[in-house]
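Colleague: Please see the structure below; I have some questions.
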Amino acid sequence: MNNIQRLPDAELEIMKLLWDTGKPLSTNDIVQSFKETRGWSVSTVITLTRRLAKKGFVRTEKEGRSHYFSPRVKEKDYLSNETKTFLEKLHNNSFKSLVATLYSNKDITKEDIEELSSLLEELD
């Protein structure tokens, strides 16, 4: 999937659940997973999963009366696309600008910088 679109938060939450679980989930599985945190009804989950299927993010399989959903888009592909878009839109494609902003806002620690430096050395 070359042109991955950005997902609204609710749809992204379902995708994260599917990616983390690593197995097909039924509508009821999804409802139960978000019962306490979101209080979503079955109809809400059906609406969200239909949207995800229409966008090509999930595969739907019917088994008896239940529908099961599994990801069609890999998490790493979605994250890569979102990161690229974020850098382009907000930092003019500058990783340096991103790190400088994080550092000036105290959102990144010296330990984070050391870890990043080690990672960059490994990639060389």
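By convention in this document, the chains of the structure tokens carry letters A, B, ... by their order, each chain's residues are numbered from 1, and ligands are numbered from 1 in the order they are shown.
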Determine, counting only C-alpha atoms, which protein, DNA and RNA residues have an atom within 9 Å of an atom of Val45 of chain A; residues of the same chain fewer than 2 positions away are not included. Present the result as a PyMOL selection string.

Modeller: chain A and resi 14+27-28+30-31+40-43+47-50

Colleague: If you run DSSP over the backbone, which residues in segment 12-112 of chain A end up alpha helix (DSSP H)? Put them as a PyMOL selection string.

Modeller: chain A and resi 12-21+27-33+42-54+75-91+95-104+110-112

Colleague: Of the candidates A:Asn81, A:Ser70, A:Gln32, A:Thr44, which one gets nearest to Leu7 of chain A if we count only C-alpha atoms?

Modeller: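 Smallest separation from Leu7 of chain A among the options: A:Asn81.
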
Colleague: Report the distance between atom CA of Asn3 of chain A and atom CA of His67 of chain A in Å, rounded to one decimal place.

Modeller: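 Taking atom CA of Asn3 of chain A and atom CA of His67 of chain A, their separation equals 26.5 Å.
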
Colleague: Neighbours of Ser66 of chain A within 9 Å (only C-alpha atoms; same-chain residues fewer than 2 positions away dropped), as a PyMOL selection string?

Modeller: chain A and resi 26-28+61-64+68
